[in-house]
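Asker: Structure in structure tokens, see below.
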Amino acid sequence: MKRLPELLERNKQWAAKVSQENPGFFEALSHQQAPKYMWIGCADSRVPATQIVDVAPGEIFVHRNVANVVVHSDFNCLSTLQFAVEVLKVEHVIVNGHYGCGGVRAVTDNLELGLVDNWVGHVRDVQVRNKAELDAIADPEARNDRLCELNVIEQAHNVCRSTVVRAAWRNGQDLTVHGWIYSLKDGIIRDLGFCASSPADVR
Ligand code: CO
């Protein structure tokens, strides 16, 4: 039986290093988590939330799926959002997409991958809604990048339209929703300018 000894060994070394640099780190974190941020990102292995913004365990509450999609009937994402907002009282929800997203490419290239085609149908909806703008972009790579951006904006809107965020704002909770995009080519996150702290900011 294979038991992935290499990963378990790396874990031991990591835990020892963290404890050495910061004695009591795990003991303190074991009592409670108090993250200020929730992250909704793509499942892509190249876009690990805590690593790319260089924060320690305990600082970001994370939900990831293929193509960072926020669907009104997805109880997995909505439950995570609810727990983050209502229980942990995070102050920021970040929808973080990335250029070169395979889920987005599956839509633009009309790939047939099976079950996941239904999931990225939500990205196809974004493509359909923005057809005129996307058709006007001649370069396929640039058109793909733009759909990655538009998808982030759309999903950030969906976060704002969720019952969870609407209730939080109604109750006067300090909560801001952001739309960011990460580049695999340089490791840099760009702020797409979507920033909503109240229903009035969502247009
Ligand atoms: Co992706």
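Here's how to read the names in the structure tokens: chain A, B, ... by the order shown, residue numbers from 1 in each chain, ligand numbers from 1 in the order shown.
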Would you mind listing the residues within 10 Å of ligand 1, counting only C-alpha atoms and all ligand atoms, as a PyMOL selection string?
Answerer: chain A and resi 41-47+64-69+96-105+148+182
Asker: Go ahead and write the selection's residues with N, CA, C and O atoms as a compact mmCIF listing (two decimals), in the first residue's frame.
Answerer:
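Result file again_38.txt:
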```
# COMPACT_ATOMS: atom_id res chain seq x y z
N GLY A 41 -11.66 31.21 -4.76
CA GLY A 41 -10.70 31.13 -5.86
C GLY A 41 -10.87 29.88 -6.68
O GLY A 41 -11.72 29.03 -6.40
N CYS A 42 -10.04 29.76 -7.71
CA CYS A 42 -10.06 28.58 -8.58
C CYS A 42 -9.32 27.44 -7.89
O CYS A 42 -8.38 27.66 -7.12
N ALA A 43 -9.75 26.21 -8.20
CA ALA A 43 -9.11 25.02 -7.63
C ALA A 43 -7.72 24.77 -8.20
O ALA A 43 -6.98 23.93 -7.68
N ASP A 44 -7.35 25.51 -9.24
CA ASP A 44 -6.05 25.34 -9.92
C ASP A 44 -4.90 25.26 -8.90
O ASP A 44 -4.76 26.12 -8.03
N SER A 45 -4.05 24.22 -9.07
CA SER A 45 -2.96 23.98 -8.11
C SER A 45 -1.94 25.11 -8.08
O SER A 45 -1.17 25.24 -7.13
N ARG A 46 -1.96 25.95 -9.13
CA ARG A 46 -0.95 27.02 -9.20
C ARG A 46 -1.38 28.30 -8.50
O ARG A 46 -0.66 29.29 -8.50
N VAL A 47 -2.60 28.28 -7.91
CA VAL A 47 -3.11 29.50 -7.29
C VAL A 47 -3.54 29.25 -5.83
O VAL A 47 -4.70 29.39 -5.48
N ARG A 64 -12.62 27.06 -2.73
CA ARG A 64 -12.13 27.01 -4.12
C ARG A 64 -12.94 26.00 -4.93
O ARG A 64 -13.36 24.97 -4.40
N ASN A 65 -13.17 26.32 -6.18
CA ASN A 65 -13.80 25.38 -7.10
C ASN A 65 -13.28 25.69 -8.50
O ASN A 65 -12.52 26.65 -8.70
N VAL A 66 -13.68 24.89 -9.47
CA VAL A 66 -13.22 25.12 -10.84
C VAL A 66 -13.74 26.46 -11.35
O VAL A 66 -14.95 26.71 -11.33
N ALA A 67 -12.82 27.34 -11.71
CA ALA A 67 -13.14 28.66 -12.31
C ALA A 67 -13.79 29.64 -11.34
O ALA A 67 -14.49 30.56 -11.77
N ASN A 68 -13.55 29.45 -10.03
CA ASN A 68 -14.03 30.41 -9.00
C ASN A 68 -15.43 30.95 -9.29
O ASN A 68 -15.65 32.14 -9.44
N VAL A 69 -16.36 29.99 -9.34
CA VAL A 69 -17.74 30.32 -9.67
C VAL A 69 -18.59 30.41 -8.40
O VAL A 69 -18.44 29.61 -7.49
N ASN A 96 -11.07 35.73 -6.36
CA ASN A 96 -9.80 35.81 -7.06
C ASN A 96 -9.75 34.81 -8.22
O ASN A 96 -9.69 33.60 -7.99
N GLY A 97 -9.78 35.32 -9.43
CA GLY A 97 -9.63 34.47 -10.60
C GLY A 97 -8.18 34.44 -11.05
O GLY A 97 -7.30 34.95 -10.37
N HIS A 98 -7.93 33.82 -12.19
CA HIS A 98 -6.56 33.85 -12.72
C HIS A 98 -6.59 33.74 -14.24
O HIS A 98 -7.46 33.08 -14.81
N TYR A 99 -5.65 34.44 -14.86
CA TYR A 99 -5.49 34.33 -16.31
C TYR A 99 -5.05 32.90 -16.64
O TYR A 99 -4.40 32.24 -15.82
N GLY A 100 -5.42 32.43 -17.82
CA GLY A 100 -5.03 31.08 -18.23
C GLY A 100 -5.83 30.01 -17.50
O GLY A 100 -5.38 28.87 -17.37
N CYS A 101 -7.02 30.36 -17.02
CA CYS A 101 -7.85 29.42 -16.27
C CYS A 101 -8.38 28.32 -17.19
O CYS A 101 -9.00 28.61 -18.23
N GLY A 102 -8.14 27.07 -16.82
CA GLY A 102 -8.58 25.95 -17.64
C GLY A 102 -10.09 25.87 -17.77
O GLY A 102 -10.62 25.49 -18.81
N GLY A 103 -10.79 26.26 -16.70
CA GLY A 103 -12.25 26.26 -16.74
C GLY A 103 -12.79 27.25 -17.74
O GLY A 103 -13.78 27.00 -18.44
N VAL A 104 -12.13 28.40 -17.83
CA VAL A 104 -12.53 29.43 -18.79
C VAL A 104 -12.16 28.99 -20.21
O VAL A 104 -12.93 29.14 -21.15
N ARG A 105 -10.99 28.38 -20.33
CA ARG A 105 -10.54 27.91 -21.65
C ARG A 105 -11.47 26.81 -22.18
O ARG A 105 -11.73 26.73 -23.39
N CYS A 148 -11.75 35.79 -18.41
CA CYS A 148 -11.32 35.50 -17.04
C CYS A 148 -11.66 36.68 -16.12
O CYS A 148 -12.16 36.49 -15.01
N TYR A 182 -5.21 36.92 -10.77
CA TYR A 182 -3.80 36.54 -10.58
C TYR A 182 -3.20 36.13 -11.92
O TYR A 182 -3.85 35.48 -12.73
```
Asker: Between atom CA of Asn130 of chain A and atom CA of Val70 of chain A, measure the distance and give it in Å to one decimal.
Answerer: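 Computing the Euclidean distance for atom CA of Asn130 of chain A and atom CA of Val70 of chain A yields 17.7 Å.
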Asker: Nearest to Arg190 of chain A among A:Glu149, A:Gln51, A:Thr163, A:Asn76, with distances taken over only C-alpha atoms: which residue is it?
Answerer: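 Result for the nearest residue to Arg190 of chain A: A:Glu149.
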Asker: I need the residues in segment 3-196 of chain A that are strand (DSSP E) according to DSSP; give them as a ChimeraX atom specification.
Answerer: /A:37-42,60-65,92-98,176-182,189-196
Asker: Extract, using only C-alpha atoms, all DNA, RNA and protein residues at most 12 Å from Arg129 of chain A, discarding same-chain residues fewer than 5 positions from it, and format them as a list in words.
Answerer: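 Final neighbour list, sorted by chain and number: His122, Val123, Arg124, Leu134, Asp135, Leu147, Leu150, Asn151 and Glu154 of chain A.
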Asker: Enumerate the residues of chain A with a DSSP assignment of alpha helix (DSSP H), computed from the backbone, and present them as a short mmCIF file (atom, residue, chain, number, x, y, z; two decimals) with C-alpha atoms, in the first residue's frame.
Answerer:
```
data_model
loop_
_atom_site.label_atom_id
_atom_site.label_comp_id
_atom_site.auth_asym_id
_atom_site.auth_seq_id
_atom_site.Cartn_x
_atom_site.Cartn_y
_atom_site.Cartn_z
CA PRO A 5 5.44 9.07 2.90
CA GLU A 6 7.11 11.98 1.08
CA LEU A 7 4.22 14.36 1.78
CA LEU A 8 3.82 13.26 5.40
CA GLU A 9 7.55 13.71 5.93
CA ARG A 10 7.45 17.21 4.42
CA ASN A 11 4.54 18.03 6.72
CA LYS A 12 6.55 17.01 9.79
CA GLN A 13 9.48 19.15 8.69
CA TRP A 14 7.18 22.12 8.00
CA ALA A 15 5.48 21.85 11.42
CA ALA A 16 8.87 21.65 13.15
CA LYS A 17 10.13 24.71 11.26
CA VAL A 18 7.03 26.77 12.10
CA SER A 19 7.22 25.78 15.78
CA GLN A 20 10.88 26.67 15.89
CA GLU A 21 10.34 30.11 14.32
CA PHE A 25 1.94 29.04 17.01
CA PHE A 26 -0.12 25.84 16.69
CA GLU A 27 -1.21 25.91 20.32
CA ALA A 28 -2.61 29.44 19.92
CA LEU A 29 -4.34 28.66 16.59
CA SER A 30 -5.90 25.49 17.95
CA HIS A 31 -8.14 27.52 20.27
CA ALA A 49 -4.58 31.35 -1.58
CA THR A 50 -2.43 31.73 1.53
CA GLN A 51 0.84 31.29 -0.35
CA ILE A 52 0.34 33.92 -3.03
CA PHE A 75 -24.85 25.19 -0.91
CA ASN A 76 -21.18 24.32 -0.60
CA CYS A 77 -20.04 27.82 -1.54
CA LEU A 78 -22.97 29.56 0.18
CA SER A 79 -22.49 27.63 3.43
CA THR A 80 -18.82 28.54 3.45
CA LEU A 81 -19.73 32.17 2.78
CA GLN A 82 -22.35 32.14 5.52
CA GLY A 102 -8.58 25.95 -17.64
CA GLY A 103 -12.25 26.26 -16.74
CA VAL A 104 -12.53 29.43 -18.79
CA ARG A 105 -10.54 27.91 -21.65
CA ALA A 106 -12.89 24.93 -21.72
CA VAL A 107 -15.65 27.43 -22.56
CA THR A 108 -13.79 29.52 -25.12
CA VAL A 116 -17.33 19.70 -15.50
CA ASP A 117 -18.83 21.11 -18.76
CA ASN A 118 -22.05 21.63 -16.80
CA TRP A 119 -20.22 23.49 -14.05
CA GLY A 121 -21.72 26.46 -18.07
CA HIS A 122 -21.84 29.31 -15.55
CA VAL A 123 -18.76 30.78 -17.23
CA ARG A 124 -20.45 30.23 -20.60
CA ASP A 125 -23.33 32.38 -19.30
CA VAL A 126 -20.80 35.17 -18.69
CA GLN A 127 -19.45 34.70 -22.21
CA VAL A 128 -22.94 34.92 -23.72
CA ARG A 129 -23.81 38.04 -21.74
CA LYS A 131 -20.58 38.47 -26.46
CA ALA A 132 -20.27 41.86 -28.19
CA GLU A 133 -17.28 42.95 -26.10
CA LEU A 134 -15.52 39.59 -26.43
CA ASP A 135 -16.15 39.27 -30.18
CA PRO A 140 -7.75 34.69 -28.82
CA GLU A 141 -5.37 34.94 -25.85
CA ALA A 142 -6.53 38.47 -25.03
CA ARG A 143 -10.17 37.41 -25.47
CA ASN A 144 -9.59 34.57 -23.04
CA ASP A 145 -7.96 36.89 -20.52
CA ARG A 146 -10.90 39.26 -20.76
CA LEU A 147 -13.38 36.44 -20.11
CA CYS A 148 -11.32 35.50 -17.04
CA GLU A 149 -11.72 39.10 -15.81
CA LEU A 150 -15.43 39.31 -16.66
CA ASN A 151 -16.00 36.02 -14.86
CA VAL A 152 -14.43 37.41 -11.67
CA ILE A 153 -16.63 40.51 -11.84
CA GLU A 154 -19.75 38.40 -12.43
CA GLN A 155 -18.97 36.07 -9.52
CA ALA A 156 -18.20 39.02 -7.23
CA HIS A 157 -21.64 40.38 -8.15
CA ASN A 158 -23.13 37.01 -7.24
CA VAL A 159 -21.48 37.22 -3.81
CA CYS A 160 -23.11 40.64 -3.33
CA ARG A 161 -26.50 39.28 -4.43
CA THR A 163 -28.76 36.30 0.94
CA VAL A 164 -25.70 36.15 3.21
CA VAL A 165 -24.10 39.39 2.07
CA ARG A 166 -27.42 41.23 1.65
CA ALA A 167 -28.34 40.36 5.25
CA ALA A 168 -24.92 41.41 6.54
CA TRP A 169 -25.18 44.81 4.84
CA ARG A 170 -28.78 45.22 6.04
#
```
Asker: Give me, as a Markdown table, each residue of segment 176-198 of chain A that comes within 10 Å of segment 88-91 of chain A, together with its shortest interatomic pair and the distance in Å at one decimal, counting only C-alpha atoms, with rows ordered by chain and rising residue number.
Answerer:
```
| residue | atom | partner | partner_atom | distance |
| --- | --- | --- | --- | --- |
| A:Thr176 | CA | A:Glu91 | CA | 6.3 |
| A:Val177 | CA | A:Glu91 | CA | 8.7 |
| A:Ser197 | CA | A:Glu91 | CA | 9.7 |
```
Asker: Can you write just those residues out, all heavy atoms, as a short mmCIF file (atom, residue, chain, number, x, y, z; two decimals), in the first residue's frame?
Answerer:
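See selection-v6.cif below for the written result:
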```cif
data_model
loop_
_atom_site.label_atom_id
_atom_site.label_comp_id
_atom_site.auth_asym_id
_atom_site.auth_seq_id
_atom_site.Cartn_x
_atom_site.Cartn_y
_atom_site.Cartn_z
N THR A 176 -16.70 44.03 2.84
CA THR A 176 -16.39 44.51 1.50
C THR A 176 -16.07 43.32 0.58
O THR A 176 -15.37 42.40 0.98
CB THR A 176 -15.18 45.47 1.54
OG1 THR A 176 -15.46 46.52 2.46
CG2 THR A 176 -14.91 46.08 0.16
N VAL A 177 -16.63 43.39 -0.63
CA VAL A 177 -16.41 42.32 -1.62
C VAL A 177 -15.46 42.85 -2.70
O VAL A 177 -15.66 43.97 -3.22
CB VAL A 177 -17.75 41.88 -2.24
CG1 VAL A 177 -17.52 40.78 -3.29
CG2 VAL A 177 -18.71 41.40 -1.15
N SER A 197 -19.02 47.75 -0.70
CA SER A 197 -19.21 47.70 0.75
C SER A 197 -20.66 47.92 1.14
O SER A 197 -21.01 47.95 2.32
CB SER A 197 -18.37 48.77 1.43
OG SER A 197 -17.02 48.62 1.08
#
```
Asker: What's the separation between atom CA of Ser73 of chain A and atom CA of Ser162 of chain A, in Å to one decimal place?
Answerer: 9.7 Å
Asker: For the atom pair atom CA of Asp201 of chain A and atom CA of Gly172 of chain A, what is the interatomic distance in Å to one decimal place?
Answerer: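 Interatomic distance, atom CA of Asp201 of chain A to atom CA of Gly172 of chain A: 14.5 Å.
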